[in-house]
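Some notes on the structure that comes next.
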Amino acid sequence: MLYGALEAGGTKMVCAIGNENGEILEQVKFPTETPETTMPQIFEYFKGKDIKALGIACFGPIDLNEDSETYGSITTTPKLAWSGYNIVNAAKEALGIPVGFDTDVNGSLLGEITWGCAKGLSDALYLTIGTGVGGGVMSNGKLLHGMLHPELGHLLLPIVEGDPGKCVCPYHRNCLEGLASGPSLKARWGVSADQLVDKKEVWEIEAEYIATALVTYVVTLSPKKIILGGGVMHQEQLFPMIRARFKELLNGYIVTNELEDLDNYIVPASLNDDQGIMGAIKLAIDASEK
Ligand code: ADP
Ligand code: ZN
């Protein structure tokens, strides 16, 4: 059985055909321009591919409330051309198949839970630290939506003493995205993050913000595993620094088997940056069974 998968991002649209084992059989990318120019190329690609359903893991904010009149649309995005665009209705109309829909980060988490390092877990959290910071949550076996969907990147944090940078989020003066995303590193240090590998203080400040955020996620959401993905997390030296600081900050307050083994609790994404598109395959599988 074949399934279509669309990982809709702010800069590119990744389209793939996959099977029930999460194997990606083919993949293409289109730049994200406007719905009028970009979406017809995507629908053209999927037409005639004999897919049973399409899964869309989408940049946001998006309307995930199935009872809402605007279910399936992108809502208040700064990418104005996409604001109010109903990507689910457009896909259903163009392709005439069931369409599964969730956030890009819930998609990545679903990929890891179905085929990756969080396989089978009922509770887990995925955080991407890249151009932006965002997180997906599974709680009691369900992807968490709530009122809208979580916006873990905009968690407010105390500013690290002596931090030479400033928060780059236009909404907040001290949120995780504004203080720890790739662009915030560039704003703080003047060069892009991949050129800062040997500067110890860069990663100490970065680890402090991430570890502080993770403590908050653990005490509020109680995930059984935390997966860190995105471009900035390609800096592998961050992992031991984050784990050590996380342990200090939590200070023994929560005692579980999972927290005894932080090397297996705070982990890198395991699917070679395919977790998002694989999650979209799973969204399609679930939509076809609904
Ligand atoms: P996006 O968030 O746009 O989907 P990425 O997750 O690749 O894409 O994140 C891109 C951001 O991550 C950029 O700000 C970039 O500077 C940063 N980045 C990419 N690769 C690395 C790396 N190896 N080390 C540190 N930062 C990186
Ligand atoms: Zn913010």
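Lettering and numbering for the structure tokens are positional, with chains as A, B, ... in the shown order, residues counted from 1 in each chain, and ligands counted from 1 in the shown order.
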**OP:** Pick out the residues no farther than 10 Å from ligand 1, counting only C-alpha atoms and all ligand atoms, and list them as number ranges by chain.
**Re:** A: 8-12, 59, 104, 128-134, 180-186, 191-197, 229-236, 273, 276
**OP:** Return as a PyMOL selection string the residues of protein, DNA or RNA that approach ligand 2 to within 7 Å, with only C-alpha atoms and all ligand atoms taken into account.
**Re:** chain A and resi 153-154+169-172+175-178
Please save N, CA and C atoms of the selected residues as a tab-separated table (two decimals), in the first residue's frame.
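What landed in out.tsv:
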```
chain	number	residue	atom	x	y	z
A	153	GLY	N	8.27	26.36	21.91
A	153	GLY	CA	9.39	27.26	21.62
A	153	GLY	C	9.24	28.62	22.28
A	154	HIS	N	8.03	28.96	22.66
A	154	HIS	CA	7.83	30.29	23.24
A	154	HIS	C	7.71	30.25	24.76
A	169	CYS	N	12.93	37.01	19.38
A	169	CYS	CA	11.50	36.80	19.11
A	169	CYS	C	10.78	38.15	19.09
A	170	PRO	N	10.01	38.42	18.02
A	170	PRO	CA	9.31	39.71	17.98
A	170	PRO	C	8.19	39.83	19.03
A	171	TYR	N	7.77	38.73	19.62
A	171	TYR	CA	6.68	38.76	20.59
A	171	TYR	C	7.16	38.84	22.05
A	172	HIS	N	8.34	38.27	22.32
A	172	HIS	CA	8.76	38.08	23.71
A	172	HIS	C	10.17	38.61	23.94
A	175	CYS	N	12.08	34.39	25.41
A	175	CYS	CA	11.55	33.04	25.17
A	175	CYS	C	12.64	32.13	24.59
A	176	LEU	N	12.39	30.82	24.68
A	176	LEU	CA	13.38	29.84	24.23
A	176	LEU	C	13.76	30.06	22.76
A	177	GLU	N	12.77	30.24	21.90
A	177	GLU	CA	13.08	30.44	20.48
A	177	GLU	C	13.94	31.69	20.26
A	178	GLY	N	13.57	32.75	20.97
A	178	GLY	CA	14.30	34.01	20.80
A	178	GLY	C	15.70	33.97	21.37
```
**OP:** Please indicate the distance in Å from atom CA of A:Tyr3 to atom CA of A:Gly55, rounded to one decimal place.
**Re:** 7.9 Å
Subject >> Pick from A:Ile42, A:Ala244, A:Leu283, A:Leu152, whichever lies nearest to A:Asp102 using only C-alpha atoms >> reply: A:Leu283
Subject >> Residue contacts of A:Glu161 (10 Å, only C-alpha atoms) excluding same-chain residues fewer than 3 positions away, as a PyMOL selection string >> reply: chain A and resi 158+164+205
Residues just named, written with C-alpha atoms as a CSV table (one decimal), in the first residue's frame:
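Contents of the output file again-v3.csv:
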```
chain,number,residue,atom,x,y,z
A,158,PRO,CA,15.1,33.6,32.9
A,164,PRO,CA,25.8,39.1,25.5
A,205,ILE,CA,24.7,29.5,27.3
```
**OP:** Can you list, as an MDAnalysis selection string, all residues belonging to stretch 91-210 of chain A that DSSP tags as helix (DSSP H, G or I)?
**Re:** chainID A and resid 91:95 104:115 152:154 176:180 182:189 193:195 200:210
**OP:** To one decimal in Å, tell me the separation between atom CA of A:Ala5 and atom CA of A:Ile266.
**Re:** 27.5 Å
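The space separating atom CA of A:Arg173 from atom CA of A:Leu250 comes to 24.4 Å.
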Original post:
For A:Thr103, which residue among A:Val215, A:Met1, A:Leu64, A:Ile87 is the nearest when counting only C-alpha atoms?
Top reply: A:Leu64
Original post:
Looking at only C-alpha atoms, which of A:Ala94, A:Leu148, A:Val137, A:Val105 is the one that sits closest to A:Asn65?
Top reply: A:Leu148
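Comparing the minimum interatomic distances between A:Asn251 and each of A:Asp63, A:Thr212, A:Ile24, A:Leu156, counting only C-alpha atoms, we find that A:Thr212 sits nearest.
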Original post:
Using only C-alpha atoms, which residues sit within 12 Å of A:Gly22 once same-chain residues fewer than 5 positions away are excluded, as number ranges by chain?
Top reply: A: 1-5, 16-17, 110-116, 271, 274-285
Subject >> Contact residues around A:Thr76 with only C-alpha atoms at 10 Å, ignoring same-chain residues under 6 positions, as a count of residues only >> reply: 7
**OP:** Would you please work out which residue, of A:Ser139, A:Tyr126, A:Ile210, A:Ala90, is nearest to A:Gly107 when using only C-alpha atoms?
**Re:** A:Tyr126
**OP:** Could you please write out, as an MDAnalysis selection string, every residue of stretch 38-74 of chain A that DSSP assigns to strand (DSSP E or B)?
**Re:** chainID A and resid 54:58 62 73:74
Save out the residues we just selected, N, CA and C atoms, as a PDB file, in the first residue's frame.
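Below is the file out09.pdb, written as the result:
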```pdb
ATOM      1  N   LEU A  54      -3.167  10.941   2.208  1.00  0.00           N
ATOM      2  CA  LEU A  54      -2.057  11.893   2.321  1.00  0.00           C
ATOM      3  C   LEU A  54      -1.947  12.339   3.777  1.00  0.00           C
ATOM      4  N   GLY A  55      -0.736  12.415   4.281  1.00  0.00           N
ATOM      5  CA  GLY A  55      -0.494  12.983   5.612  1.00  0.00           C
ATOM      6  C   GLY A  55       0.247  14.295   5.459  1.00  0.00           C
ATOM      7  N   ILE A  56      -0.205  15.310   6.174  1.00  0.00           N
ATOM      8  CA  ILE A  56       0.452  16.627   6.108  1.00  0.00           C
ATOM      9  C   ILE A  56       0.939  17.009   7.503  1.00  0.00           C
ATOM     10  N   ALA A  57       2.247  17.172   7.637  1.00  0.00           N
ATOM     11  CA  ALA A  57       2.837  17.697   8.871  1.00  0.00           C
ATOM     12  C   ALA A  57       3.240  19.124   8.544  1.00  0.00           C
ATOM     13  N   CYS A  58       2.593  20.075   9.187  1.00  0.00           N
ATOM     14  CA  CYS A  58       2.577  21.442   8.666  1.00  0.00           C
ATOM     15  C   CYS A  58       3.133  22.483   9.637  1.00  0.00           C
ATOM     16  N   ILE A  62      -1.644  26.275  13.156  1.00  0.00           N
ATOM     17  CA  ILE A  62      -2.667  25.662  12.307  1.00  0.00           C
ATOM     18  C   ILE A  62      -3.898  25.326  13.138  1.00  0.00           C
ATOM     19  N   SER A  73      -6.715  24.665   8.286  1.00  0.00           N
ATOM     20  CA  SER A  73      -6.087  25.864   7.713  1.00  0.00           C
ATOM     21  C   SER A  73      -4.881  26.309   8.534  1.00  0.00           C
ATOM     22  N   ILE A  74      -4.029  27.060   7.851  1.00  0.00           N
ATOM     23  CA  ILE A  74      -2.897  27.715   8.494  1.00  0.00           C
ATOM     24  C   ILE A  74      -3.460  29.039   9.012  1.00  0.00           C
TER      25      ILE A  74
END
```
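The residue that comes closest to A:Gly141, out of A:Ala124, A:Leu157, A:Leu221, A:Ala91 and on the basis of only C-alpha atoms, is A:Ala124.
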